[in-house]
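Undergrad: Okay, so here is input.cif, and as you'll see once you scroll down, it has mmCIF, C-alpha atoms.
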data_entry
loop_
_atom_site.label_atom_id
_atom_site.label_comp_id
_atom_site.auth_asym_id
_atom_site.auth_seq_id
_atom_site.Cartn_x
_atom_site.Cartn_y
_atom_site.Cartn_z
CA MET G 1 -71.40 -15.65 -169.36
CA ALA G 2 -68.79 -15.22 -172.12
CA ASN G 3 -65.14 -15.86 -171.53
CA LYS G 4 -63.05 -12.67 -171.33
CA LYS G 5 -60.78 -14.01 -174.09
CA ASN G 6 -63.78 -13.92 -176.42
CA MET G 7 -64.49 -10.26 -175.63
CA PRO G 8 -61.25 -8.33 -176.28
CA TRP G 9 -62.92 -5.13 -177.51
CA ILE G 10 -65.41 -2.50 -176.58
CA LYS G 11 -66.77 0.13 -178.90
CA LEU G 12 -65.95 3.67 -177.83
CA TRP G 13 -67.66 6.41 -179.77
CA LYS G 14 -65.18 8.91 -181.24
CA LYS G 15 -67.37 11.75 -179.97
CA SER G 16 -67.34 10.53 -176.37
CA ASP G 17 -65.66 13.82 -175.54
CA LYS G 18 -69.06 15.50 -175.94
CA ASN G 19 -70.19 13.89 -172.68
CA ALA G 20 -70.27 16.39 -169.80
CA LEU G 21 -68.06 14.11 -167.69
CA TYR G 22 -65.26 13.89 -170.26
CA PHE G 23 -63.61 17.22 -169.36
CA SER G 24 -64.93 17.45 -165.79
CA GLU G 25 -61.47 16.95 -164.26
CA PRO G 26 -57.85 17.19 -165.40
CA PHE G 27 -56.82 14.09 -167.30
CA ASP G 28 -54.60 11.49 -165.74
CA LYS G 29 -52.05 9.71 -167.94
CA TRP G 30 -54.43 6.88 -168.86
CA HIS G 31 -57.17 9.26 -170.02
CA ALA G 32 -54.65 11.32 -171.98
CA TRP G 33 -53.65 8.11 -173.81
CA GLN G 34 -57.29 7.27 -174.52
CA ASP G 35 -57.84 10.81 -175.73
CA LEU G 36 -55.02 10.43 -178.25
CA LEU G 37 -56.72 7.27 -179.54
CA LEU G 38 -60.00 9.19 -179.93
CA LEU G 39 -58.28 12.12 -181.64
CA ALA G 40 -56.44 9.97 -184.18
CA ASP G 41 -57.59 10.00 -187.77
CA GLN G 42 -58.17 6.81 -189.75
CA SER G 43 -54.43 6.38 -190.28
CA GLY G 44 -53.65 6.69 -186.56
CA THR G 45 -52.23 10.20 -186.76
CA VAL G 46 -52.94 13.18 -184.52
CA LYS G 47 -51.88 16.60 -185.84
CA THR G 48 -51.86 18.96 -182.90
CA SER G 49 -49.81 21.29 -180.73
CA LEU G 50 -48.38 20.71 -177.29
CA ARG G 51 -50.15 23.81 -175.97
CA TRP G 52 -53.48 22.59 -177.34
CA LEU G 53 -53.04 19.22 -175.58
CA LYS G 54 -52.06 21.00 -172.35
CA LYS G 55 -55.28 23.00 -172.44
CA ARG G 56 -57.44 20.05 -173.56
CA TRP G 57 -56.11 17.80 -170.78
CA ASN G 58 -56.25 20.67 -168.24
CA TRP G 59 -52.62 20.14 -167.30
CA THR G 60 -50.50 22.84 -165.68
CA SER G 61 -47.56 22.86 -168.10
CA VAL G 62 -46.47 21.94 -171.58
CA ARG G 63 -43.59 20.08 -169.90
CA GLN G 64 -46.14 17.60 -168.45
CA VAL G 65 -47.40 16.92 -171.97
CA VAL G 66 -43.85 16.49 -173.29
CA LYS G 67 -42.95 14.06 -170.47
CA HIS G 68 -46.11 12.01 -171.09
CA LEU G 69 -45.47 11.85 -174.83
CA GLU G 70 -41.86 10.83 -174.11
CA THR G 71 -43.14 8.02 -171.86
CA LEU G 72 -45.60 6.79 -174.52
CA SER G 73 -42.87 7.02 -177.15
CA GLY G 74 -40.42 5.15 -174.91
CA THR G 75 -42.89 2.28 -174.47
CA GLY G 76 -43.45 2.09 -178.22
CA GLN G 77 -47.06 3.25 -178.13
CA ILE G 78 -46.54 6.41 -180.19
CA ALA G 79 -44.03 8.12 -182.45
CA VAL G 80 -43.74 11.90 -182.21
CA SER G 81 -42.35 14.30 -184.77
CA GLY G 82 -42.24 18.07 -184.89
CA THR G 83 -43.17 19.92 -188.04
CA PRO G 84 -43.23 23.64 -188.88
CA SER G 85 -47.01 23.55 -188.43
CA GLY G 86 -47.15 21.62 -185.14
CA THR G 87 -46.66 18.21 -183.60
CA VAL G 88 -47.55 14.96 -185.33
CA ILE G 89 -48.28 11.99 -183.08
CA THR G 90 -48.57 8.60 -184.74
CA ILE G 91 -50.18 5.73 -182.87
CA VAL G 92 -47.85 2.77 -183.33
CA LYS G 93 -49.68 -0.41 -184.36
CA TRP G 94 -52.84 1.61 -185.03
CA GLY G 95 -54.44 -1.46 -186.60
CA LYS G 96 -54.25 -3.17 -183.21
CA TYR G 97 -56.83 -0.69 -181.90
CA GLN G 98 -59.19 -1.23 -184.83
CA TRP G 99 -61.60 -4.08 -185.35
CA GLN G 100 -64.07 -5.41 -187.83
CA GLN G 101 -67.28 -7.04 -186.70
CA GLY G 102 -67.90 -10.46 -188.19
CA LYS G 103 -71.27 -11.91 -189.08
CA SER G 104 -71.42 -13.70 -185.74
CA GLY G 105 -71.23 -10.35 -183.97
CA THR G 106 -67.77 -11.05 -182.59
CA ALA G 107 -64.73 -8.91 -183.23
CA LYS G 108 -62.21 -10.34 -185.62
CA LYS G 109 -58.86 -9.21 -186.92
CA GLY G 110 -58.95 -7.41 -190.20
CA LYS G 111 -59.11 -4.05 -191.84
CA SER G 112 -60.69 -1.38 -189.76
CA GLU G 113 -64.07 0.06 -190.55
CA THR G 114 -63.44 3.76 -190.21
CA VAL G 115 -65.37 6.79 -191.27
CA SER G 116 -63.64 9.88 -192.56
CA GLY G 117 -63.68 12.77 -190.11
CA THR G 118 -65.95 15.69 -190.75
CA GLU G 119 -64.85 19.29 -190.98
CA GLU G 120 -66.20 19.76 -187.45
CA ASP G 121 -64.11 16.82 -186.17
CA THR G 122 -60.85 18.04 -187.68
CA SER G 123 -61.32 21.73 -186.91
CA LEU G 124 -60.33 21.15 -183.28
CA LEU G 125 -56.93 19.89 -184.39
CA ARG G 126 -56.29 23.09 -186.34
CA SER G 127 -57.50 25.35 -183.55
CA SER G 128 -54.78 27.22 -181.71
CA THR G 129 -56.95 27.75 -178.66
CA GLY G 130 -58.33 24.22 -178.31
CA PRO G 131 -61.84 23.24 -177.35
CA SER G 132 -63.95 25.01 -174.81
CA LEU G 133 -63.65 23.36 -171.43
CA SER G 134 -67.08 24.55 -170.39
CA PRO G 135 -69.71 21.87 -169.71
CA ALA G 136 -70.46 19.87 -172.82
CA PRO G 137 -73.89 19.90 -174.42
CA THR G 138 -76.49 17.39 -173.43
CA THR G 139 -75.58 13.72 -173.57
CA LYS G 140 -78.70 12.99 -175.63
CA ASP G 141 -76.56 12.11 -178.68
CA ILE G 142 -74.69 9.51 -176.68
CA ASP G 143 -77.91 8.15 -175.21
CA ASP G 144 -79.38 7.83 -178.72
CA PHE G 145 -76.52 5.61 -179.92
CA ASP G 146 -77.57 1.96 -180.19
CA ILE G 147 -74.38 -0.02 -179.60
CA THR G 148 -75.97 -3.29 -180.72
CA LYS G 149 -76.71 -1.83 -184.15
CA GLY G 150 -73.69 0.47 -184.29
CA GLU G 151 -75.93 3.36 -185.29
CA PHE G 152 -78.11 6.12 -183.89
CA ASP G 153 -81.73 5.52 -182.97
CA ASP G 154 -84.16 7.53 -185.08
#
What is this file in structure tokens?
TA:
Amino acid sequence: MANKKNMPWIKLWKKSDKNALYFSEPFDKWHAWQDLLLLADQSGTVKTSLRWLKKRWNWTSVRQVVKHLETLSGTGQIAVSGTPSGTVITIVKWGKYQWQQGKSGTAKKGKSETVSGTEEDTSLLRSSTGPSLSPAPTTKDIDDFDITKGEFDD
């Protein structure tokens, strides 16, 4: 069995939010933080609105979102700025959450291997109504992902 120090990372698919369980309950603070990590673009930025996050996380008020973002900002995890077109959340030390797989199959520090978002991925951030909270489509896409290869099975 490998030592935990040798396994500091897991891969989490950016489209994990397509799993039916992802939106099955209101988010707690930990899952809201993870969601921000999944929503971030390759530079660690999330362009959104507070109302959209409230709806996405199934929280009862925008004030809850503001308080949570203030907490994350106070601990140095994010930086928040308001713009005329919405809220910009920057993940501080974004590179810390990225990894590059070495030839030995172990994670190593280095530049992240990111893929540019698609129009479908970024359209949710521009939406004023947010995503549908109805049950997600089948989890077949997630089941078809081969984590050992880092790609989808054919």
Undergrad: Here is a test: counting all atoms listed in the file, which residue of G:Thr83, G:Ser73, G:Thr60, G:Ser16 is nearest to Asp35 of chain G?
TA: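 Using all atoms listed in the file, the shortest distance to Asp35 of chain G belongs to G:Ser16.
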Undergrad: Using Å and a single decimal, report how far atom CA of Val62 of chain G sits from atom CA of Lys96 of chain G.
TA: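 Spanning atom CA of Lys96 of chain G to atom CA of Val62 of chain G is a straight-line distance of 28.7 Å.
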Undergrad: Using the chain letters and residue numbers of this document, give as a PyMOL selection string the residues selected by the PyMOL selection byres ((chain G and resi 47) around 6).
TA: chain G and resi 46+48+87-88
Undergrad: Write to file, as a PDB file, in the frame of the given file, the residues of the selection just made, with C-alpha atoms.
TA:
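part07.pdb, freshly written:
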ATOM      1  CA  VAL G  46     -52.940  13.180-184.520  1.00  0.00           C
ATOM      2  CA  THR G  48     -51.860  18.960-182.900  1.00  0.00           C
ATOM      3  CA  THR G  87     -46.660  18.210-183.600  1.00  0.00           C
ATOM      4  CA  VAL G  88     -47.550  14.960-185.330  1.00  0.00           C
TER       5      VAL G  88
END
Undergrad: Name the residues that the PyMOL selection byres ((chain G and resi 91) around 7) pulls out of this structure, and write them as JSON, numbers by chain.
TA: {"G": [44, 45, 77, 78, 79, 89, 90, 92, 93, 94]}
Undergrad: Decode the PyMOL selection byres ((chain G and resi 26-31) around 9) for the given file into explicit residues and return them as JSON, numbers by chain.
TA: {"G": [22, 23, 24, 25, 32, 33, 34, 35, 36, 56, 57, 58, 59, 68]}
Undergrad: Take the residues from that selection and put them in a file with C-alpha atoms, as a short mmCIF file (atom, residue, chain, number, x, y, z; two decimals), in the coordinates of the input.
TA:
data_model
loop_
_atom_site.label_atom_id
_atom_site.label_comp_id
_atom_site.auth_asym_id
_atom_site.auth_seq_id
_atom_site.Cartn_x
_atom_site.Cartn_y
_atom_site.Cartn_z
CA TYR G 22 -65.26 13.89 -170.26
CA PHE G 23 -63.61 17.22 -169.36
CA SER G 24 -64.93 17.45 -165.79
CA GLU G 25 -61.47 16.95 -164.26
CA ALA G 32 -54.65 11.32 -171.98
CA TRP G 33 -53.65 8.11 -173.81
CA GLN G 34 -57.29 7.27 -174.52
CA ASP G 35 -57.84 10.81 -175.73
CA LEU G 36 -55.02 10.43 -178.25
CA ARG G 56 -57.44 20.05 -173.56
CA TRP G 57 -56.11 17.80 -170.78
CA ASN G 58 -56.25 20.67 -168.24
CA TRP G 59 -52.62 20.14 -167.30
CA HIS G 68 -46.11 12.01 -171.09
#
Undergrad: Suppose you want the space between atom CA of Gln42 of chain G and atom CA of Gly95 of chain G; what is it in Å?
TA: 9.6 Å
Undergrad: From the list G:Lys67, G:Ser49, G:Tyr97, G:Lys54, which residue is nearest Gly82 of chain G when using only C-alpha atoms?
TA: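 Closest to Gly82 of chain G of all the choices is G:Ser49.
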Undergrad: To one decimal in Å, tell me the separation between atom CA of Gln98 of chain G and atom CA of Thr75 of chain G.
TA: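 Between atom CA of Gln98 of chain G and atom CA of Thr75 of chain G the gap is 19.6 Å.
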